Amino acid sequence: MSDKLQKYLAAGTATAKPEQIEVEVAGDEWSVRRLTTMDIRRCYDVAFNDDGSPKETFNEIDAMIVRATEHDFDWNNIELLKVYSCINKNELPPRMFSNPDHYAILSKAVRNFQETKEELLKEAKNSLSETEKRAG
């Protein structure tokens with residue numbers, strides 16, 4: 001069997017835990033996991049009607065935010081849905097994060113996971129070196 005085939009067979013049977021990053025939004029830490037290609041496809045599927053027209057109450061980014069954070073946040077909470085007058089959990093992100101800057105943080109983390117991860121690592125290194133300079 002080829003090495004390439006072995007690689008994909010092993011990857012398909014592995015129970016790999018998806019990568020996650022922590023971003024701060026409105027003073028709260030949000031755990032965002034990297035979406036797979038299938039996750040993204042499902043988000044597009046739910047964001048569009050059968051005829052291809054976009055849903056009126058949420059878009060694919062809203063669905064991606066929900067999918068990428070649902071391991072850490074109960075988007076299906078009935079009280080939460082009622083408070084924000086939502087029928088579907090995917091309607092919540094733009095309503096909960098009505099401040100565009102807060103919504104943008106999660107949106108960027110979901111859409112550009114690797115770039116956001118690198119920025120967070122760089123920020124952590126910079127703050128660590130600043131602390132070392134002050135301590136030294």
# chains A, B, ... in the order shown; residues from 1 in each chain; ligands from 1
>>> residues_around(residues="Ala26 of chain A", least_positions_apart="2", cutoff="9 Å", atoms="only C-alpha atoms", output="list in words")
Glu24, Asp28, Glu29, Phe97 and His102 of chain A
>>> select_by_dssp(residues="chain A", states="helix (DSSP H, G or I)", output="ChimeraX atom specification")
/A:3-13,37-47,60-69,78-83,89-96,100-111,113-135
>>> atom_distance(atom1="atom CA of Leu35 of chain A", atom2="atom CA of Lys55 of chain A")
21.2 Å
>>> atom_distance(atom1="atom CA of Arg42 of chain A", atom2="atom CA of Met64 of chain A")
8.9 Å
>>> closest_atom_pairs(of="segment 1-30 of chain A", to="segment 105-125 of chain A", cutoff="9 Å", atoms="only C-alpha atoms", output="CSV")
residue,atom,partner,partner_atom,distance
A:Gln20,CA,A:Lys117,CA,8.8
A:Ile21,CA,A:Lys117,CA,6.5
A:Glu22,CA,A:Leu120,CA,8.6
A:Val23,CA,A:Leu106,CA,7.5
A:Glu24,CA,A:Ile105,CA,8.0
A:Val25,CA,A:Ile105,CA,6.9
A:Trp30,CA,A:Leu106,CA,8.3
>>> write_last_selection(atoms="N, CA and C atoms", output="PDB file, in the first residue's frame")
ATOM      1  N   GLN A  20      -7.577  24.507  18.915  1.00  0.00           N
ATOM      2  CA  GLN A  20      -8.409  25.551  19.515  1.00  0.00           C
ATOM      3  C   GLN A  20      -7.547  26.734  19.906  1.00  0.00           C
ATOM      4  N   ILE A  21      -8.146  27.915  19.847  1.00  0.00           N
ATOM      5  CA  ILE A  21      -7.497  29.120  20.336  1.00  0.00           C
ATOM      6  C   ILE A  21      -8.478  29.837  21.251  1.00  0.00           C
ATOM      7  N   GLU A  22      -7.951  30.685  22.103  1.00  0.00           N
ATOM      8  CA  GLU A  22      -8.781  31.488  23.003  1.00  0.00           C
ATOM      9  C   GLU A  22      -8.708  32.932  22.534  1.00  0.00           C
ATOM     10  N   VAL A  23      -9.850  33.564  22.345  1.00  0.00           N
ATOM     11  CA  VAL A  23      -9.892  34.986  22.009  1.00  0.00           C
ATOM     12  C   VAL A  23     -10.757  35.698  23.039  1.00  0.00           C
ATOM     13  N   GLU A  24     -10.424  36.946  23.301  1.00  0.00           N
ATOM     14  CA  GLU A  24     -11.193  37.712  24.268  1.00  0.00           C
ATOM     15  C   GLU A  24     -12.213  38.568  23.525  1.00  0.00           C
ATOM     16  N   VAL A  25     -13.457  38.451  23.958  1.00  0.00           N
ATOM     17  CA  VAL A  25     -14.546  39.225  23.372  1.00  0.00           C
ATOM     18  C   VAL A  25     -15.352  39.821  24.520  1.00  0.00           C
ATOM     19  N   TRP A  30     -13.344  33.279  24.809  1.00  0.00           N
ATOM     20  CA  TRP A  30     -14.101  32.387  23.935  1.00  0.00           C
ATOM     21  C   TRP A  30     -13.131  31.388  23.323  1.00  0.00           C
TER      22      TRP A  30
END
>>> atom_distance(atom1="atom CA of Arg67 of chain A", atom2="atom CA of Ala10 of chain A")
25.2 Å
>>> residues_around(residues="Lys89 of chain A", least_positions_apart="5", cutoff="7 Å", atoms="only C-alpha atoms", output="list in words")
Trp75, Asn76 and Leu81 of chain A
>>> write_last_selection(atoms="N, CA, C and O atoms", output="short mmCIF file (atom, residue, chain, number, x, y, z; two decimals), in the first residue's frame")
data_model
loop_
_atom_site.label_atom_id
_atom_site.label_comp_id
_atom_site.auth_asym_id
_atom_site.auth_seq_id
_atom_site.Cartn_x
_atom_site.Cartn_y
_atom_site.Cartn_z
N TRP A 75 -25.26 27.34 22.75
CA TRP A 75 -26.05 28.16 21.82
C TRP A 75 -27.51 27.71 21.77
O TRP A 75 -28.36 28.46 21.33
N ASN A 76 -27.81 26.51 22.21
CA ASN A 76 -29.18 25.98 22.17
C ASN A 76 -29.98 26.30 23.43
O ASN A 76 -31.09 25.82 23.57
N LEU A 81 -32.20 31.92 23.58
CA LEU A 81 -32.95 32.11 22.34
C LEU A 81 -34.14 33.05 22.56
O LEU A 81 -34.40 33.92 21.74
#
>>> closest_residue(among="A:Val32, A:Met96, A:Leu80, A:Ile87", to="Thr57 of chain A", atoms="only C-alpha atoms")
A:Ile87
>>> closest_residue(among="A:Leu5, A:Leu92, A:Ile40, A:Ala11", to="Ala68 of chain A", atoms="only C-alpha atoms")
A:Ile40
>>> select_by_dssp(residues="segment 28-87 of chain A", states="strand (DSSP E or B)", output="list of chain:residue names")
A:Asp28, A:Glu29, A:Trp30, A:Ser31, A:Val32, A:Arg33, A:Phe48, A:Pro54
>>> closest_residue(among="A:Asp72, A:Asp101, A:Glu79, A:Glu91", to="Glu60 of chain A", atoms="only C-alpha atoms")
A:Glu91
